[in-house]
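The structure file data14.cif is reproduced below (mmCIF, C-alpha atoms).
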data_entry
#
loop_
_atom_site.label_atom_id
_atom_site.label_comp_id
_atom_site.auth_asym_id
_atom_site.auth_seq_id
_atom_site.Cartn_x
_atom_site.Cartn_y
_atom_site.Cartn_z
CA MET A 986 69.42 71.70 22.49
CA TRP A 987 69.63 72.79 18.88
CA SER A 988 68.30 69.34 18.03
CA LEU A 989 65.26 70.17 20.15
CA ILE A 990 64.77 73.32 18.15
CA ALA A 991 65.10 71.31 14.98
CA VAL A 992 62.52 68.81 16.23
CA LEU A 993 60.18 71.63 17.09
CA GLY A 994 60.77 73.00 13.63
CA LEU A 995 59.84 69.67 12.08
CA ILE A 996 56.73 69.46 14.22
CA SER A 997 55.90 72.93 13.09
CA CYS A 998 56.19 71.96 9.46
CA SER A 999 53.60 69.26 9.93
CA ASP A 1000 51.03 71.57 11.41
CA ASP A 1001 49.36 74.39 9.56
CA ASP A 1002 48.90 76.34 12.77
CA ASP A 1003 52.57 76.22 13.55
CA TYR A 1004 53.88 78.54 10.93
CA VAL A 1005 57.65 78.83 10.84
CA ASP A 1006 59.30 82.02 9.75
CA PRO A 1007 60.37 81.58 6.10
CA HIS A 1008 63.68 83.22 6.91
CA ASN A 1009 64.46 80.31 9.22
CA SER A 1010 64.36 82.45 12.30
CA PRO A 1011 65.08 80.39 15.38
CA TYR A 1012 62.15 82.15 17.01
CA LEU A 1013 58.90 80.23 16.82
CA PRO A 1014 55.38 81.66 16.76
CA GLN A 1015 54.43 82.63 20.28
CA THR A 1016 51.53 80.22 20.44
CA SER A 1017 52.46 77.58 22.98
CA GLN A 1018 54.40 77.20 26.18
CA ASP A 1019 57.02 75.01 24.51
CA LYS A 1020 57.60 77.58 21.80
CA ILE A 1021 57.93 80.36 24.34
CA LEU A 1022 60.54 78.39 26.25
CA ASN A 1023 62.34 77.72 22.99
CA ASN A 1024 62.32 81.43 22.18
CA PHE A 1025 63.37 82.26 25.70
CA GLN A 1026 66.40 80.03 25.35
CA VAL A 1027 67.35 81.41 21.96
CA ALA A 1028 66.95 84.98 23.19
CA TRP A 1029 69.35 84.33 26.04
CA ARG A 1030 71.75 82.54 23.76
CA GLU A 1031 71.66 85.41 21.23
CA ARG A 1032 71.52 88.04 23.96
CA SER A 1033 68.50 89.60 22.30
CA ILE A 1034 66.60 91.76 24.76
CA THR A 1035 63.96 92.53 22.13
CA GLU A 1036 63.08 88.89 21.64
CA TYR A 1037 63.28 88.23 25.36
CA SER A 1038 60.98 91.03 26.41
CA LYS A 1039 58.46 90.06 23.72
CA LEU A 1040 57.75 86.97 25.78
CA LEU A 1041 56.75 88.82 28.95
CA SER A 1042 53.20 89.90 29.66
CA ALA A 1043 52.45 93.46 30.76
CA ASP A 1044 51.96 92.34 34.37
CA TYR A 1045 54.84 89.85 34.35
CA GLN A 1046 56.61 89.19 37.63
CA TYR A 1047 59.98 87.60 38.22
CA TYR A 1048 60.25 86.00 41.66
CA PHE A 1049 63.72 85.62 43.12
CA ASP A 1050 65.08 82.49 44.68
CA PRO A 1051 64.67 82.55 48.48
CA ALA A 1052 68.29 83.47 49.25
CA THR A 1053 68.36 86.38 46.80
CA LYS A 1054 64.96 87.51 48.01
CA ALA A 1055 66.25 87.62 51.55
CA GLN A 1056 69.28 89.64 50.46
CA LEU A 1057 67.33 92.14 48.38
CA GLY A 1058 64.33 92.42 50.64
CA ILE A 1059 61.96 92.41 47.69
CA ASP A 1060 59.85 89.64 46.28
CA PHE A 1061 59.82 90.22 42.57
CA TRP A 1062 60.68 92.40 39.64
CA THR A 1063 58.13 93.74 37.21
CA ARG A 1064 58.47 93.43 33.44
CA ILE A 1065 60.30 96.75 33.20
CA GLU A 1066 62.73 95.98 36.01
CA ASP A 1067 63.43 92.50 34.74
CA SER A 1068 63.93 93.56 31.12
CA THR A 1069 66.17 96.42 32.10
CA ARG A 1070 68.43 94.25 34.22
CA VAL A 1071 68.54 91.47 31.65
CA GLN A 1072 69.39 94.05 29.00
CA CYS A 1073 72.30 95.20 31.16
CA LEU A 1074 73.48 91.62 31.38
CA PHE A 1075 73.13 91.01 27.65
CA ASN A 1076 74.90 94.24 26.70
CA HIS A 1077 77.56 94.29 29.35
CA PRO A 1078 81.04 94.32 27.79
CA ASP A 1079 82.43 92.17 30.59
CA VAL A 1080 79.98 89.37 29.80
CA THR A 1081 81.92 87.46 27.20
CA LYS A 1082 79.69 84.43 26.74
CA ILE A 1083 76.32 83.01 27.74
CA THR A 1084 75.76 79.28 27.46
CA ILE A 1085 72.29 78.00 28.14
CA ASP A 1086 70.69 74.59 27.97
CA LEU A 1087 67.21 74.15 29.34
CA THR A 1088 65.33 70.92 29.75
CA TRP A 1089 61.63 70.48 30.20
CA PRO A 1090 59.11 67.81 29.29
CA LEU A 1091 57.54 68.88 26.01
CA HIS A 1092 53.75 69.34 26.09
CA SER A 1093 53.80 69.20 29.86
CA ALA A 1094 52.10 72.54 30.40
CA GLN A 1095 49.03 72.19 32.53
CA SER A 1096 46.29 74.32 33.93
CA ALA A 1097 46.25 73.55 37.59
CA GLY A 1098 42.82 74.68 38.61
CA PHE A 1099 43.41 78.41 38.54
CA ALA A 1100 40.26 80.39 39.25
CA PRO A 1101 39.41 83.75 37.60
CA PRO A 1102 41.21 86.03 36.95
CA ARG A 1103 43.96 83.44 36.57
CA HIS A 1104 41.77 80.79 35.01
CA THR A 1105 43.58 81.11 31.70
CA TRP A 1106 46.97 80.52 33.27
CA THR A 1107 49.02 77.42 32.67
CA LYS A 1108 52.27 76.33 34.20
CA GLN A 1109 55.30 74.50 32.97
CA PHE A 1110 58.46 73.79 34.87
CA LEU A 1111 62.02 73.66 33.70
CA THR A 1112 63.22 70.51 35.33
CA ASP A 1113 66.85 71.13 34.63
CA VAL A 1114 68.73 74.30 33.95
CA PHE A 1115 72.25 74.76 32.75
CA LEU A 1116 73.35 78.35 32.47
CA ASP A 1117 76.92 79.61 32.27
CA VAL A 1118 77.63 83.32 32.21
CA ASP A 1119 81.28 84.13 31.59
CA VAL A 1120 82.38 87.45 33.00
CA MET A 1121 85.81 88.87 32.28
CA PRO A 1122 86.45 92.40 33.53
CA ALA A 1123 89.37 94.13 31.85
CA GLY A 1124 92.65 92.77 33.08
CA SER A 1125 91.02 89.98 35.09
CA PRO A 1126 90.58 86.29 34.44
CA VAL A 1127 87.24 84.86 33.39
CA THR A 1128 84.76 83.95 36.11
CA THR A 1129 81.93 81.67 35.12
CA TYR A 1130 78.70 82.01 37.07
CA ARG A 1131 76.95 78.68 36.77
CA VAL A 1132 73.35 77.70 37.39
CA GLU A 1133 73.00 73.96 37.31
CA ASP A 1134 70.39 71.38 38.32
CA GLN A 1135 67.88 73.96 39.45
CA THR A 1136 64.18 74.16 38.85
CA GLN A 1137 62.46 77.18 37.37
CA ARG A 1138 58.70 77.55 37.37
CA PHE A 1139 57.00 79.36 34.52
CA PHE A 1140 53.39 80.50 34.36
CA PHE A 1141 51.78 81.45 31.08
CA ARG A 1142 48.71 83.25 29.88
CA ARG A 1143 47.13 84.05 26.56
CA GLY A 1144 46.92 87.80 26.18
CA ARG A 1145 49.56 90.36 26.98
CA THR A 1146 47.15 91.98 29.41
CA TYR A 1147 44.26 90.77 31.51
CA PRO A 1148 41.65 91.03 30.23
CA PRO A 1149 43.18 90.85 26.73
CA SER A 1150 43.58 94.25 25.13
CA GLY A 1151 41.53 93.17 22.11
CA PRO A 1152 40.53 90.30 19.88
CA ALA A 1153 44.00 90.21 18.36
CA ASP A 1154 45.71 89.78 21.72
CA THR A 1155 45.85 86.00 21.57
CA LEU A 1156 49.54 85.26 21.79
CA MET A 1157 50.93 83.42 24.77
CA TYR A 1158 53.12 85.18 27.32
CA ILE A 1159 55.10 84.42 30.44
CA VAL A 1160 53.15 85.98 33.27
CA GLU A 1161 55.30 84.73 36.14
CA TRP A 1162 58.77 83.23 36.39
CA ARG A 1163 59.73 81.82 39.75
CA ASP A 1164 63.33 80.95 40.42
CA ASP A 1165 63.33 78.08 42.89
CA GLY A 1166 67.08 78.31 43.20
CA SER A 1167 67.02 74.99 44.93
CA GLY A 1168 69.06 71.92 44.46
CA GLY A 1169 72.52 71.41 45.75
CA PHE A 1170 75.17 73.62 44.38
CA LYS A 1171 77.82 71.76 42.49
CA PRO A 1172 81.21 72.01 44.09
CA SER A 1173 82.91 75.20 43.11
CA THR A 1174 85.79 74.86 40.72
CA ALA A 1175 88.53 77.26 39.82
CA ALA A 1176 86.67 78.10 36.65
CA SER A 1177 83.05 78.31 37.77
CA GLN A 1178 81.15 79.95 40.56
CA PRO A 1179 77.92 78.24 41.64
CA SER A 1180 75.06 80.66 41.39
CA THR A 1181 71.34 81.07 40.95
CA TRP A 1182 69.57 82.73 38.07
CA SER A 1183 68.37 85.45 40.39
CA SER A 1184 71.85 86.27 41.62
CA ILE A 1185 73.15 86.42 38.05
CA LYS A 1186 70.38 88.80 37.08
CA THR A 1187 70.86 91.02 40.09
CA ARG A 1188 74.61 91.08 39.60
CA SER A 1189 74.27 92.65 36.18
CA ASN A 1190 74.75 96.35 36.84
CA CYS A 1191 74.92 98.40 33.70
CA PRO A 1192 78.38 99.77 32.88
CA MET B 298 55.34 92.45 67.78
CA ARG B 299 55.20 88.85 68.83
CA ARG B 300 51.78 87.49 69.35
CA SER B 301 52.34 85.41 72.43
CA ARG B 302 50.59 82.30 73.63
CA SER B 303 48.96 84.50 76.20
CA ASN B 304 47.38 86.39 73.34
CA SER B 305 46.20 83.07 72.01
CA ALA B 306 44.81 82.33 75.43
CA ILE B 307 43.00 85.65 75.35
CA GLY B 308 41.63 84.65 71.96
CA ILE B 309 40.40 81.36 73.37
CA ALA B 310 38.90 83.16 76.34
CA LEU B 311 37.08 85.47 73.96
CA VAL B 312 35.83 82.45 72.11
CA LEU B 313 34.56 80.92 75.33
CA ILE B 314 32.91 84.17 76.35
CA GLY B 315 31.29 84.31 72.95
CA PHE B 316 30.16 80.73 73.29
CA LEU B 317 28.70 81.30 76.75
CA ALA B 318 26.97 84.41 75.50
CA ALA B 319 25.51 82.41 72.67
CA CYS B 320 24.30 79.70 75.06
CA SER B 321 22.57 82.22 77.29
CA ASP B 322 20.75 83.83 74.43
CA ASP B 323 17.61 82.38 72.91
CA ASP B 324 18.39 84.03 69.59
CA THR B 325 20.36 82.18 66.98
CA ASP B 326 23.56 83.97 67.81
CA THR B 327 26.40 81.78 66.59
CA GLY B 328 29.10 83.52 68.56
CA SER B 329 30.36 85.33 65.50
CA THR B 330 31.09 88.37 67.61
CA THR B 331 34.44 86.80 68.35
CA TYR B 332 35.56 87.69 64.81
CA LEU B 333 36.80 91.09 63.80
CA PRO B 334 35.28 92.98 60.90
CA GLN B 335 36.92 91.87 57.67
CA THR B 336 38.06 95.36 56.83
CA SER B 337 41.82 95.24 57.17
CA GLU B 338 44.68 92.86 56.58
CA ASP B 339 45.44 92.72 60.30
CA ASN B 340 41.86 91.77 61.11
CA VAL B 341 41.88 89.04 58.47
CA LEU B 342 45.00 87.48 59.98
CA GLU B 343 43.51 87.74 63.44
CA ASN B 344 40.43 85.95 62.14
CA VAL B 345 42.59 83.22 60.61
CA ILE B 346 43.96 82.50 64.09
CA ARG B 347 40.54 82.56 65.69
CA SER B 348 38.85 80.41 63.07
CA TRP B 349 41.57 77.77 63.34
CA GLU B 350 41.51 77.76 67.11
CA GLU B 351 37.69 77.63 67.08
CA ARG B 352 37.82 74.96 64.36
CA ASP B 353 35.30 77.05 62.48
CA VAL B 354 35.61 76.28 58.78
CA ALA B 355 32.78 78.61 57.79
CA ALA B 356 34.57 81.55 59.40
CA TYR B 357 37.88 80.49 57.88
CA ALA B 358 36.50 80.07 54.38
CA LYS B 359 34.91 83.52 54.57
CA LEU B 360 38.40 84.99 54.64
CA LEU B 361 39.47 83.41 51.34
CA ALA B 362 38.87 85.10 47.99
CA ALA B 363 37.13 83.13 45.27
CA ASP B 364 40.45 82.72 43.46
CA TYR B 365 42.49 82.15 46.61
CA GLN B 366 45.60 79.99 46.29
CA PHE B 367 47.63 78.41 49.03
CA TYR B 368 51.20 77.81 47.79
CA SER B 369 53.00 74.89 49.37
CA ASP B 370 56.35 75.19 51.04
CA PRO B 371 59.21 74.37 48.63
CA THR B 372 60.01 70.95 50.06
CA THR B 373 56.43 69.74 50.06
CA ARG B 374 55.98 71.12 46.58
CA THR B 375 58.86 69.00 45.39
CA GLN B 376 58.04 65.87 47.36
CA LEU B 377 54.26 65.81 47.02
CA GLY B 378 54.03 67.59 43.72
CA ILE B 379 51.55 70.12 45.09
CA GLU B 380 52.03 73.57 43.61
CA PHE B 381 49.04 75.19 45.23
CA TRP B 382 45.60 74.56 46.58
CA THR B 383 42.53 76.44 45.54
CA ARG B 384 40.00 77.90 47.96
CA THR B 385 37.96 74.71 47.82
CA THR B 386 40.88 72.35 48.37
CA ASP B 387 42.26 74.43 51.19
CA SER B 388 38.90 74.81 52.92
CA LEU B 389 38.17 71.09 52.65
CA SER B 390 41.56 70.25 54.14
CA ALA B 391 40.98 72.65 57.00
CA GLU B 392 37.49 71.23 57.53
CA ALA B 393 38.88 67.69 57.64
CA ILE B 394 41.26 68.74 60.40
CA PHE B 395 38.66 70.74 62.29
CA ASN B 396 36.09 67.92 62.24
CA CYS B 397 38.46 65.04 62.87
CA PRO B 398 37.58 63.47 66.25
CA ALA B 399 41.19 62.46 66.74
CA VAL B 400 42.34 66.10 66.61
CA LYS B 401 42.37 67.05 70.26
CA SER B 402 43.68 70.57 70.06
CA ILE B 403 44.80 73.23 67.62
CA GLU B 404 46.95 76.20 68.54
CA VAL B 405 47.94 78.85 66.07
CA ASP B 406 50.44 81.57 66.76
CA ILE B 407 51.11 84.16 64.06
CA ASP B 408 53.57 87.00 64.41
CA TRP B 409 53.46 90.00 62.16
CA VAL B 410 53.95 93.72 62.42
CA ARG B 411 50.55 95.36 62.75
CA GLY B 412 49.85 97.90 60.08
CA SER B 413 52.66 96.55 57.92
CA ALA B 414 50.51 95.68 54.91
CA ARG B 415 52.11 97.19 51.84
CA ASP B 416 51.69 97.46 48.14
CA PRO B 417 54.83 95.98 46.64
CA GLY B 418 54.20 97.30 43.13
CA PHE B 419 51.77 94.82 41.64
CA LEU B 420 50.40 95.67 38.22
CA ASP B 421 46.96 94.93 36.78
CA PRO B 422 45.15 92.68 37.42
CA ARG B 423 46.91 92.38 40.77
CA ARG B 424 47.23 96.12 41.19
CA GLU B 425 45.01 96.23 44.27
CA TRP B 426 46.84 93.48 46.11
CA THR B 427 48.65 94.12 49.37
CA ARG B 428 51.07 91.96 51.28
CA ILE B 429 52.02 91.18 54.85
CA ASP B 430 55.21 89.32 55.63
CA ILE B 431 54.48 86.98 58.48
CA THR B 432 57.69 86.72 60.41
CA SER B 433 56.70 83.57 62.24
CA LEU B 434 53.90 81.06 62.07
CA SER B 435 53.66 78.31 64.65
CA VAL B 436 50.90 75.73 64.52
CA GLU B 437 50.45 72.83 66.88
CA VAL B 438 47.89 70.12 66.20
CA VAL B 439 47.57 67.30 68.71
CA ILE B 440 46.13 64.09 67.32
CA GLN B 441 45.19 61.15 69.50
CA GLU B 442 43.56 58.01 68.21
CA PRO B 443 41.70 55.86 70.78
CA GLY B 444 44.12 53.79 72.77
CA GLU B 445 47.14 55.48 71.29
CA ALA B 446 49.54 58.08 72.55
CA PRO B 447 48.96 61.62 71.32
CA VAL B 448 51.00 62.78 68.37
CA THR B 449 51.80 66.45 67.99
CA TYR B 450 52.19 67.99 64.55
CA ARG B 451 54.09 71.18 65.03
CA CYS B 452 55.43 73.71 62.60
CA ASP B 453 57.60 76.16 64.38
CA ARG B 454 58.30 79.76 63.48
CA HIS B 455 58.12 79.51 59.72
CA PRO B 456 57.91 82.65 57.59
CA GLN B 457 54.80 83.04 55.47
CA ALA B 458 53.55 85.59 52.98
CA ALA B 459 49.92 86.65 53.03
CA LEU B 460 48.51 88.59 50.08
CA PHE B 461 45.22 90.42 50.24
CA ARG B 462 42.69 92.07 47.99
CA ARG B 463 39.47 93.97 48.47
CA GLY B 464 36.67 91.93 46.96
CA SER B 465 36.26 88.19 46.81
CA ARG B 466 36.41 88.32 43.04
CA PHE B 467 38.25 90.35 40.45
CA PRO B 468 36.90 92.77 39.49
CA ALA B 469 35.17 93.24 42.82
CA ALA B 470 31.45 93.66 43.06
CA GLN B 471 30.52 97.19 44.07
CA THR B 472 28.98 95.90 47.28
CA ASP B 473 31.99 93.79 48.20
CA ASP B 474 34.48 96.00 49.99
CA LEU B 475 35.78 93.39 52.41
CA VAL B 476 39.43 92.35 52.56
CA TYR B 477 40.20 88.77 51.55
CA LEU B 478 43.23 86.54 51.45
CA VAL B 479 44.02 86.04 47.79
CA GLU B 480 47.26 84.13 48.23
CA TRP B 481 49.05 82.46 51.09
CA ARG B 482 52.63 81.33 50.55
CA ASP B 483 54.17 78.89 52.94
CA GLU B 484 57.80 79.99 52.89
CA ALA B 485 59.14 77.42 55.30
CA PRO B 486 62.82 76.96 54.58
CA GLU B 487 63.78 74.17 52.30
CA ALA B 488 65.34 71.11 53.88
CA GLU B 489 66.13 67.56 52.92
CA MET B 490 64.28 66.16 55.91
CA PRO B 491 61.84 68.94 56.56
CA PRO B 492 60.25 69.62 59.86
CA MET B 493 56.46 69.80 59.81
CA THR B 494 55.16 72.74 57.82
CA TRP B 495 51.71 74.26 57.65
CA THR B 496 51.36 72.77 54.20
CA ARG B 497 52.04 69.31 55.60
CA ILE B 498 49.69 69.82 58.51
CA LYS B 499 46.96 70.83 56.08
CA ALA B 500 47.79 67.94 53.79
CA SER B 501 47.54 65.50 56.68
CA LYS B 502 43.88 66.43 57.16
CA GLY B 503 44.30 65.31 60.74
CA GLU B 504 45.04 61.89 59.24
CA CYS B 505 41.34 61.18 59.50
CA GLY B 506 41.19 60.06 55.92
CA SER B 507 43.80 57.35 56.43
CA LYS B 508 42.27 55.99 59.61
CA ARG B 509 38.76 55.52 58.32
#

What is this structure when it is put down as structure tokens?
Amino acid sequence: MWSLIAVLGLISCSDDDDYVDPHNSPYLPQTSQDKILNNFQVAWRERSITEYSKLLSADYQYYFDPATKAQLGIDFWTRIEDSTRVQCLFNHPDVTKITIDLTWPLHSAQSAGFAPPRHTWTKQFLTDVFLDVDVMPAGSPVTTYRVEDQTQRFFFRRGRTYPPSGPADTLMYIVEWRDDGSGGFKPSTAASQPSTWSSIKTRSNCP
Amino acid sequence: MRRSRSNSAIGIALVLIGFLAACSDDDTDTGSTTYLPQTSEDNVLENVIRSWEERDVAAYAKLLAADYQFYSDPTTRTQLGIEFWTRTTDSLSAEAIFNCPAVKSIEVDIDWVRGSARDPGFLDPRREWTRIDITSLSVEVVIQEPGEAPVTYRCDRHPQAALFRRGSRFPAAQTDDLVYLVEWRDEAPEAEMPPMTWTRIKASKGECGSKR
């Protein structure tokens, strides 16, 4: 996946619009869906809640996979709820490692006929997700919660708010993330516990 | 709070009464008195049932906001690649079913808890949205081509989510205080070999398109 980032970096170098941070930050300008997904992945890998929450619009919603939704009895989290829980996950001392590898067709974002007020929305789907979250409570062995071969659906919009808060509010944001949570679970092994992204997020109680 | 077939029968009877009333009246009454005022989420759902059973696309389309989206069930979304339909696509699909000569009957049975519409915490621009969890949707469409045995398309007791907003557009016009469906989510459970879902029934368009 780092090669993908490198490729994106090279593409960026060939385009005046795609300015790359001179300090070689792995975070790309928030100007396209592909770059947001890149930043999203890096933020999870680096456990950076600041970079992660930068990607979410003010009215962002995170929709749980159907099983988690049924368990929780709620449909979605708002930006605040999602960021808070992800921050707990990132900062939790028992979480020893996060491995993430996302796959999506580059430049595949499309506007699918949204009507106002969603007419500026686009969507792009992660066709394959690999996420390992290693959790090791004190005195216990490591348990790896694994999300594998599952689809995630992302919806994007230009402008942190709708309507945009001003002429400068032109960056792109994730406005909805829907965890399909589908696909067959891989057989459980001694080392890994099949999971969904939603269940990993909801598991992350702050210490 | 199950809405039984007998309630559907009452609905049909009301439709017939409305139709007879219309026939006995020289005015251009279209029988629209069979529909409830579009002032609450419950009334909108009731009108969805009635418009489908009356095969009345004009009445059905009136219930859909300008930016309405019908989200496919997960299996159909994966297999057919349909994420959602817009108001136009959905209305045209419904119209194709309603007007298809081969469609012999349509029965719709929706169960929900009356007065259960809630605000689940949407933020702007969806702040005014409300939601009803439909515990069970059953739809039965009987299709019979000439000289062939009838085929019944049936989706049976699938959960759905209906989301509503006051005003056909956002922001709403000052004069538009009606309640509209702004999203419908077919939450039929995922399956490898899925039973018929409402999404698939709609997508079939009564199969009129393939037979002509």

Original post:
Mind listing as a ChimeraX atom specification which residues of chain A are within 10 Å of chain B, counting only C-alpha atoms?
Top reply: /A:1043-1046,1051,1059-1064,1097-1104,1108,1136,1138,1146-1148,1165,1167-1168

Suppose we keep C-alpha atoms; can you now write the selection as a compact mmCIF listing (two decimals), in the frame of the given file?
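Result file follows (result-v2.txt):
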# COMPACT_ATOMS: atom_id res chain seq x y z
CA ALA A 1043 52.45 93.46 30.76
CA ASP A 1044 51.96 92.34 34.37
CA TYR A 1045 54.84 89.85 34.35
CA GLN A 1046 56.61 89.19 37.63
CA PRO A 1051 64.67 82.55 48.48
CA ILE A 1059 61.96 92.41 47.69
CA ASP A 1060 59.85 89.64 46.28
CA PHE A 1061 59.82 90.22 42.57
CA TRP A 1062 60.68 92.40 39.64
CA THR A 1063 58.13 93.74 37.21
CA ARG A 1064 58.47 93.43 33.44
CA ALA A 1097 46.25 73.55 37.59
CA GLY A 1098 42.82 74.68 38.61
CA PHE A 1099 43.41 78.41 38.54
CA ALA A 1100 40.26 80.39 39.25
CA PRO A 1101 39.41 83.75 37.60
CA PRO A 1102 41.21 86.03 36.95
CA ARG A 1103 43.96 83.44 36.57
CA HIS A 1104 41.77 80.79 35.01
CA LYS A 1108 52.27 76.33 34.20
CA THR A 1136 64.18 74.16 38.85
CA ARG A 1138 58.70 77.55 37.37
CA THR A 1146 47.15 91.98 29.41
CA TYR A 1147 44.26 90.77 31.51
CA PRO A 1148 41.65 91.03 30.23
CA ASP A 1165 63.33 78.08 42.89
CA SER A 1167 67.02 74.99 44.93
CA GLY A 1168 69.06 71.92 44.46

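Checking B:Thr449, B:Gln457, B:Asn344, B:Ser501 one by one against Ile394 of chain B, counting all atoms listed in the file, you find the shortest gap at B:Ser501.
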
**OP:** Report the distance between atom CA of Val436 of chain B and atom CA of Tyr477 of chain B in Å, rounded to one decimal place.
**Re:** 21.3 Å

Original post:
Any idea what the distance is between atom CA of Ser1180 of chain A and atom CA of Trp1106 of chain A?
Top reply: 29.2 Å

Original post:
Any idea what's packed within 9 Å of Gly1144 of chain A, counting all atoms listed in the file, ignoring anything in its chain fewer than 4 positions away? Could you give it as a VMD selection string?
Top reply: chain A and resid 1042 1148 to 1151 1153 to 1158

Would you mind completing segment 1034-1047 of chain A to N, CA and C atoms and writing the output as a compact mmCIF listing (two decimals), keeping the file's coordinate frame?
# COMPACT_ATOMS: atom_id res chain seq x y z
N ILE A 1034 67.57 91.26 23.78
CA ILE A 1034 66.60 91.76 24.76
C ILE A 1034 65.24 91.99 24.11
N THR A 1035 65.24 92.32 22.82
CA THR A 1035 63.96 92.53 22.13
C THR A 1035 63.16 91.25 22.10
N GLU A 1036 63.80 90.17 21.72
CA GLU A 1036 63.08 88.89 21.64
C GLU A 1036 62.70 88.40 23.04
N TYR A 1037 63.57 88.66 23.99
CA TYR A 1037 63.28 88.23 25.36
C TYR A 1037 62.07 88.96 25.91
N SER A 1038 62.06 90.27 25.78
CA SER A 1038 60.98 91.03 26.41
C SER A 1038 59.65 90.82 25.69
N LYS A 1039 59.71 90.38 24.43
CA LYS A 1039 58.46 90.06 23.72
C LYS A 1039 57.67 88.96 24.42
N LEU A 1040 58.38 88.15 25.19
CA LEU A 1040 57.75 86.97 25.78
C LEU A 1040 57.04 87.28 27.09
N LEU A 1041 57.24 88.49 27.61
CA LEU A 1041 56.75 88.82 28.95
C LEU A 1041 55.45 89.60 28.87
N SER A 1042 54.48 89.20 29.66
CA SER A 1042 53.20 89.90 29.66
C SER A 1042 53.37 91.26 30.35
N ALA A 1043 52.37 92.11 30.19
CA ALA A 1043 52.45 93.46 30.76
C ALA A 1043 52.56 93.41 32.28
N ASP A 1044 51.94 92.43 32.90
CA ASP A 1044 51.96 92.34 34.37
C ASP A 1044 52.91 91.24 34.85
N TYR A 1045 53.86 90.90 34.02
CA TYR A 1045 54.84 89.85 34.35
C TYR A 1045 55.55 90.15 35.67
N GLN A 1046 55.83 89.07 36.39
CA GLN A 1046 56.61 89.19 37.63
C GLN A 1046 57.68 88.12 37.65
N TYR A 1047 58.88 88.54 38.04
CA TYR A 1047 59.98 87.60 38.22
C TYR A 1047 60.25 87.45 39.71
